[in-house]
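Chemist: Just work37.txt, nothing more (compact mmCIF, C-alpha atoms):
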# COMPACT_ATOMS: atom_id res chain seq x y z
CA SER A 1 7.01 -3.22 -7.64
CA GLN A 2 8.46 -5.36 -4.86
CA THR A 3 8.61 -9.06 -3.98
CA LEU A 4 9.81 -10.53 -0.71
CA PHE A 5 11.88 -13.28 -2.30
CA THR A 6 14.60 -12.31 -4.76
CA THR A 7 17.45 -14.80 -5.22
CA GLN A 8 16.22 -17.50 -2.82
CA THR A 9 15.59 -20.96 -4.28
CA PRO A 10 14.01 -24.03 -2.61
CA ALA A 11 16.31 -26.63 -1.08
CA ILE A 12 13.83 -29.44 -1.78
CA THR A 13 11.85 -29.72 -5.00
CA ASN A 14 9.25 -32.29 -6.02
CA ALA A 15 8.42 -33.21 -2.42
CA ARG A 16 5.11 -34.90 -1.66
CA ASP A 17 3.41 -36.65 1.25
CA GLY A 18 1.59 -39.29 -0.74
CA SER A 19 -0.46 -39.62 -3.89
CA GLY A 20 -3.39 -37.24 -3.86
CA VAL A 21 -2.32 -35.46 -0.64
CA ASN A 22 -2.68 -31.77 -1.38
CA TYR A 23 -2.33 -28.67 0.78
CA GLU A 24 -2.92 -24.95 0.97
CA LEU A 25 0.61 -23.59 1.48
CA GLY A 26 1.32 -20.03 2.54
CA MET A 27 3.41 -17.37 4.23
CA SER A 28 2.70 -14.55 6.72
CA PHE A 29 4.09 -11.14 5.79
CA THR A 30 3.85 -7.44 6.55
CA SER A 31 4.76 -4.17 4.85
CA THR A 32 6.32 -1.14 6.52
CA VAL A 33 4.14 1.14 4.38
CA THR A 34 0.67 1.16 2.93
CA GLY A 35 0.35 0.02 -0.64
CA GLN A 36 -1.26 -2.46 -3.00
CA ILE A 37 -0.77 -6.12 -3.77
CA THR A 38 -0.97 -6.43 -7.53
CA ALA A 39 -0.13 -10.12 -8.06
CA ILE A 40 0.51 -13.47 -6.33
CA ARG A 41 3.45 -15.72 -7.14
CA PHE A 42 4.65 -19.21 -6.17
CA TRP A 43 7.46 -21.60 -7.01
CA LYS A 44 6.20 -24.58 -9.00
CA ALA A 45 7.85 -28.00 -8.74
CA SER A 46 8.77 -29.59 -12.07
CA SER A 47 6.54 -32.61 -11.31
CA GLU A 48 3.62 -30.44 -10.26
CA SER A 49 0.52 -30.04 -12.40
CA GLY A 50 -3.12 -29.17 -11.90
CA ALA A 51 -4.96 -25.94 -11.21
CA HIS A 52 -3.62 -23.34 -8.78
CA THR A 53 -5.50 -20.58 -7.00
CA GLY A 54 -3.70 -17.83 -5.10
CA LYS A 55 -5.30 -16.20 -2.07
CA ILE A 56 -4.65 -13.28 0.26
CA TRP A 57 -6.01 -13.57 3.82
CA SER A 58 -6.20 -11.33 6.84
CA SER A 59 -4.41 -12.58 9.97
CA SER A 60 -7.78 -13.74 11.34
CA GLY A 61 -8.60 -15.79 8.25
CA THR A 62 -10.82 -13.46 6.23
CA LEU A 63 -10.34 -14.01 2.49
CA LEU A 64 -9.40 -10.67 0.92
CA ALA A 65 -8.51 -11.61 -2.66
CA SER A 66 -8.32 -14.65 -4.90
CA VAL A 67 -7.02 -15.38 -8.39
CA THR A 68 -6.65 -18.49 -10.60
CA PHE A 69 -3.31 -18.98 -12.32
CA THR A 70 -3.25 -19.29 -16.09
CA GLY A 71 -0.48 -19.84 -18.62
CA GLU A 72 1.87 -21.54 -16.16
CA THR A 73 5.34 -22.66 -17.18
CA ALA A 74 6.69 -26.14 -16.40
CA SER A 75 8.48 -25.08 -13.21
CA GLY A 76 9.96 -22.16 -11.28
CA TRP A 77 8.24 -18.93 -10.32
CA GLN A 78 4.66 -18.50 -11.53
CA GLN A 79 2.96 -15.09 -11.28
CA GLN A 80 -0.66 -14.05 -11.72
CA ALA A 81 -2.06 -10.52 -11.52
CA LEU A 82 -5.09 -9.86 -9.33
CA ALA A 83 -8.21 -8.66 -11.11
CA ALA A 84 -7.97 -5.49 -9.00
CA PRO A 85 -5.09 -4.40 -6.74
CA LEU A 86 -5.63 -5.11 -3.03
CA SER A 87 -4.83 -2.22 -0.68
CA ILE A 88 -3.09 -3.22 2.55
CA ALA A 89 -2.20 -1.32 5.69
CA ALA A 90 1.27 -0.77 7.09
CA ASN A 91 2.63 -3.01 9.87
CA THR A 92 -0.28 -5.42 9.56
CA THR A 93 0.02 -9.19 9.11
CA TYR A 94 -1.43 -10.84 6.01
CA ILE A 95 -1.09 -14.36 4.61
CA VAL A 96 -0.55 -15.32 0.97
CA SER A 97 -1.30 -18.91 -0.03
CA VAL A 98 -1.44 -21.12 -3.12
CA ASN A 99 -2.69 -24.71 -3.23
CA THR A 100 -0.60 -27.61 -4.47
CA GLY A 101 -1.73 -29.09 -7.77
CA ASN A 102 -1.10 -32.85 -7.79
CA ALA A 103 0.57 -33.33 -4.37
CA TYR A 104 4.03 -32.03 -5.35
CA TYR A 105 5.56 -28.93 -3.76
CA VAL A 106 8.86 -27.26 -2.88
CA PHE A 107 10.27 -26.09 0.45
CA THR A 108 13.26 -25.10 2.53
CA ASP A 109 13.22 -26.16 6.18
CA ASN A 110 13.72 -23.23 8.59
CA GLY A 111 13.59 -20.91 5.60
CA LEU A 112 11.35 -18.54 7.57
CA ALA A 113 12.92 -19.06 11.00
CA ALA A 114 14.74 -15.71 10.64
CA GLN A 115 13.06 -12.64 9.21
CA ILE A 116 13.48 -12.03 5.48
CA THR A 117 13.32 -8.42 4.35
CA ASN A 118 13.29 -6.77 0.95
CA GLN A 119 12.50 -3.08 0.55
CA ASN A 120 9.19 -2.57 2.40
CA LEU A 121 8.25 -6.25 2.76
CA ARG A 122 8.93 -8.42 5.82
CA SER A 123 8.30 -12.07 6.63
CA VAL A 124 6.85 -12.81 10.07
CA VAL A 125 8.95 -14.75 12.58
CA GLY A 126 6.97 -17.28 14.59
CA THR A 127 4.11 -19.39 13.25
CA ASN A 128 5.08 -19.13 9.62
CA GLY A 129 5.43 -21.44 6.70
CA ARG A 130 1.67 -22.02 6.76
CA TYR A 131 -0.09 -25.20 5.63
CA GLY A 132 -3.66 -26.47 5.76
CA THR A 133 -6.56 -27.93 3.80
CA THR A 134 -6.72 -26.93 0.14
CA GLY A 135 -8.80 -23.79 -0.36
CA GLN A 136 -8.99 -23.00 3.36
CA PHE A 137 -7.11 -20.58 5.60
CA PRO A 138 -3.77 -22.30 6.42
CA THR A 139 -3.08 -22.34 10.18
CA GLY A 140 -0.50 -25.10 10.58
CA SER A 141 3.27 -24.59 10.67
CA TYR A 142 6.14 -27.08 10.54
CA GLN A 143 9.83 -26.24 11.05
CA ALA A 144 9.31 -22.68 9.78
CA ARG A 145 9.27 -24.03 6.24
CA ASN A 146 9.44 -21.65 3.34
CA TYR A 147 7.01 -22.94 0.73
CA PHE A 148 7.89 -20.07 -1.63
CA ARG A 149 4.56 -18.27 -1.71
CA ASP A 150 5.01 -14.58 -2.41
CA ILE A 151 3.35 -11.37 -3.61
CA VAL A 152 4.03 -8.46 -5.92
CA PHE A 153 3.65 -5.21 -3.97
CA SER A 154 3.59 -1.54 -4.92
CA ALA A 155 4.17 1.01 -2.17
CA GLY A 156 1.36 3.56 -2.13
CA THR A 157 1.12 7.25 -1.42
CA THR A 158 -0.12 8.06 2.08
CA TYR A 159 -2.18 11.02 3.22
CA SER A 160 -2.93 13.07 6.33
CA LEU A 161 -6.01 14.03 8.27
CA SER A 162 -5.97 17.18 10.41
CA GLY A 163 -8.01 19.75 12.30
CA THR A 164 -8.11 22.13 15.25
CA ILE A 165 -9.83 22.14 18.63
CA SER A 166 -10.82 25.62 19.78
CA PRO A 167 -10.40 27.66 21.84
CA ALA A 168 -6.70 26.82 21.87
CA ALA A 169 -6.41 26.89 25.66
CA SER A 170 -9.12 24.25 25.95
CA GLY A 171 -8.00 22.17 22.98
CA ALA A 172 -4.34 22.01 23.98
CA GLY A 173 -3.46 18.60 25.39
CA ALA A 174 -6.69 16.94 24.26
CA THR A 175 -6.44 13.29 23.22
CA VAL A 176 -7.61 12.72 19.65
CA THR A 177 -8.44 9.15 18.63
CA LEU A 178 -8.63 7.84 15.07
CA SER A 179 -10.68 4.75 14.16
CA GLY A 180 -11.93 3.14 10.99
CA ALA A 181 -9.49 2.10 8.24
CA ALA A 182 -6.65 2.63 10.73
CA SER A 183 -6.33 3.26 14.46
CA ALA A 184 -4.12 5.87 16.14
CA THR A 185 -4.01 8.41 18.95
CA VAL A 186 -2.36 11.85 19.00
CA THR A 187 -2.31 14.80 21.41
CA ALA A 188 -3.41 18.25 20.29
CA ASP A 189 -0.60 20.82 20.48
CA ALA A 190 -0.57 24.17 22.29
CA SER A 191 -2.68 25.69 19.50
CA GLY A 192 -5.24 22.90 19.70
CA ALA A 193 -4.09 21.49 16.35
CA TYR A 194 -3.72 17.77 15.59
CA THR A 195 -2.62 15.71 12.58
CA PHE A 196 -2.70 12.04 11.67
CA THR A 197 -0.19 11.03 8.98
CA GLY A 198 0.66 7.94 6.94
CA LEU A 199 -2.97 7.10 6.13
CA ALA A 200 -4.26 5.14 3.17
CA ASN A 201 -7.51 5.75 1.32
CA GLY A 202 -10.50 4.79 3.42
CA SER A 203 -13.15 5.93 5.88
CA TYR A 204 -12.17 7.28 9.29
CA THR A 205 -13.73 8.68 12.46
CA VAL A 206 -12.00 11.24 14.71
CA THR A 207 -12.99 11.57 18.37
CA PRO A 208 -11.49 14.14 20.82
CA SER A 209 -11.48 13.77 24.59
CA LYS A 210 -10.16 15.72 27.58
CA SER A 211 -11.05 15.52 31.23
CA GLY A 212 -13.42 18.32 32.24
CA PHE A 213 -14.50 19.18 28.69
CA THR A 214 -17.20 18.26 26.18
CA PHE A 215 -16.78 18.59 22.44
CA SER A 216 -18.94 19.69 19.56
CA PRO A 217 -19.32 17.70 17.44
CA VAL A 218 -18.74 14.60 19.57
CA ASN A 219 -16.86 13.06 16.65
CA ALA A 220 -16.33 13.68 12.94
CA SER A 221 -16.19 11.32 9.97
CA ALA A 222 -14.05 11.70 6.87
CA THR A 223 -13.10 9.73 3.79
CA ILE A 224 -9.59 9.93 2.33
CA ASN A 225 -9.67 9.56 -1.44
CA ASN A 226 -6.25 10.32 -2.91
CA ALA A 227 -5.95 13.63 -1.04
CA ASN A 228 -5.22 15.01 2.43
CA VAL A 229 -8.26 15.89 4.55
CA THR A 230 -8.21 19.11 6.56
CA GLY A 231 -10.71 21.10 8.59
CA LEU A 232 -11.97 18.40 10.94
CA ASP A 233 -12.48 21.00 13.67
CA PHE A 234 -14.05 20.80 17.12
CA THR A 235 -15.11 23.21 19.81
CA ALA A 236 -14.31 22.41 23.43
CA ALA A 237 -16.49 23.57 26.32
CA ALA A 238 -15.68 23.24 30.02
CA VAL A 239 -18.08 21.12 32.00
CA SER A 240 -20.01 23.22 34.53
CA GLN A 241 -19.18 22.42 38.14
Is it possible to give me this structure as structure tokens?
Modeler:
Amino acid sequence: SQTLFTTQTPAITNARDGSGVNYELGMSFTSTVTGQITAIRFWKASSESGAHTGKIWSSSGTLLASVTFTGETASGWQQQALAAPLSIAANTTYIVSVNTGNAYYVFTDNGLAAQITNQNLRSVVGTNGRYGTTGQFPTGSYQARNYFRDIVFSAGTTYSLSGTISPAASGAGATVTLSGAASATVTADASGAYTFTGLANGSYTVTPSKSGFTFSPVNASATINNANVTGLDFTAAAVSQ
């Protein structure tokens, strides 16, 4: 398993902006590979108490996973496993957040101004060090603060999806588009063969196109479930002039 933060510690502990002023504090991150988030973690200030809920959001603010922390220690890193691992795509931005408990929190100013990397995980440079209303998608950012919100990540096995467009002379050079759980475009080779790689489990649709040709079927659907998918074949026919 991987975490983004390893030896980093907050410069400021036990900060607060007034009695009863609580926030949803978070961080934007990506992974270079597909995989699963298995737990959420955050650094707890020694003066902090109260209930904490960790959340994973899409970049557009859709809540993807949530978990309530139990058995917390007095301070330092707290970690809580998700009820079920959350699969994430490669090179896609997500946000992890945890609310403050009784107004106290930790931070390092400009802690996310430069990208932090560890194994497959990457912080996002730009609008990062997220804050907002407790329980809601955090959209604010101030001085690229690192609020020490993090995840536990396990890199996952990826799979391929492939097929052939025949006859080869007609299929060669065709554009093949992938949609669904991931988006990509490849060009069929001289034999009319195509392959999409690096795919996670999920549902996909493949659609071929080439000027002057129609295809049967028009598109094909497939579900990857812990195995490569082959045989998504098409037949190309020249359009009559």
Chemist: Using all atoms listed in the file, which protein or nucleic acid residues come within 9 Å of stretch 20-32 of chain A? Drop anything in the same chain fewer than 4 positions from it, and give the result as a PyMOL selection string.
Modeler: chain A and resi 4+16+55+59+88-105+112+119-125+127-138+146-150+153+155
Chemist: Between A:Ala15, A:Leu86, A:Ala220, A:Ala74, which one has atoms that come closest to A:Val152, using all atoms listed in the file?
Modeler: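 Smallest distance to A:Val152 is found for A:Leu86.
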Chemist: With only C-alpha atoms as the atoms that count, which of A:Thr223, A:Thr230, A:Ser191, A:Gln36 lies nearest to A:Ala84?
Modeler: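 Counting only C-alpha atoms, the residue closest to A:Ala84 is A:Gln36.
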Chemist: Excluding A:Pro217 and any residue of its chain fewer than 3 positions from it, enumerate the residues within 10 Å of it, using all atoms listed in the file, and give them as a list in words.
Modeler: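 Everything that qualifies: Thr207, Pro208, Thr214, Ala220, Leu232, Asp233, Phe234, Thr235 and Ala236 of chain A.
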Chemist: Atom CA of A:Thr38 and atom CA of A:Leu199 are how many Å apart?
Modeler: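 Between these atoms lies a distance of 19.3 Å.
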Chemist: Please determine, counting all atoms listed in the file, which residue among A:Thr7, A:Asn225, A:Gln78, A:Ser58 has the shortest atom-to-atom distance to A:Ile40.
Modeler: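 Using all atoms listed in the file, A:Ile40 sits closest to A:Gln78.
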Chemist: So, with all atoms listed in the file as the atoms that count, which of A:Asn219, A:Ala39, A:Ala114, A:Trp57 lies closest to A:Ala83?
Modeler: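 Answer, going by the shortest atom-to-atom distance: A:Ala39.
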Chemist: With all atoms listed in the file as the counted atoms, please give the residues lying no more than 7 Å from A:Ile12, apart from itself and same-chain residues fewer than 3 positions off, as a list in words.
Modeler: Ala15, Val106, Phe107 and Thr108 of chain A
Chemist: Please determine, counting only C-alpha atoms, which residue among A:Ser141, A:Thr187, A:Trp77, A:Phe5 has the shortest atom-to-atom distance to A:Phe42.
Modeler: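 Result for the nearest residue to A:Phe42: A:Trp77.
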Chemist: Need to verify the contact set: A:Ser75, 7 Å, all atoms listed in the file, exclusion of same-chain residues closer than 6 positions in sequence. Can you return it as a compact mmCIF listing (two decimals) with C-alpha atoms, keeping the file's coordinate frame?
Modeler:
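selection32.txt was written with the following content:
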# COMPACT_ATOMS: atom_id res chain seq x y z
CA LYS A 44 6.20 -24.58 -9.00
CA ALA A 45 7.85 -28.00 -8.74
CA SER A 46 8.77 -29.59 -12.07
Chemist: Have a look at atom CA of A:Gly156 and atom CA of A:Thr139 and let me know their distance in Å, one decimal.
Modeler: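 Atom CA of A:Thr139 lies 29.0 Å from atom CA of A:Gly156.
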Chemist: Would you please work out which residue, of A:Ser209, A:Ser221, A:Asn201, A:Asn14, is nearest to A:Thr157 when using all atoms listed in the file?
Modeler: A:Asn201
Chemist: Rounded to one decimal in Å, what is the spacing between atom CA of A:Ser166 and atom CA of A:Ser179?
Modeler: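 One can read the atom CA of A:Ser166 to atom CA of A:Ser179 distance as 21.6 Å.
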Chemist: Pick out the residues sitting within 6 Å of A:Thr53, and hand them over as a list in words; count only C-alpha atoms, and ignore anything fewer than 4 positions along from it in its own chain.
Modeler: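 Skipping anything fewer than 4 positions along the chain leaves Val67, Thr68, Phe69 and Val98 of chain A.
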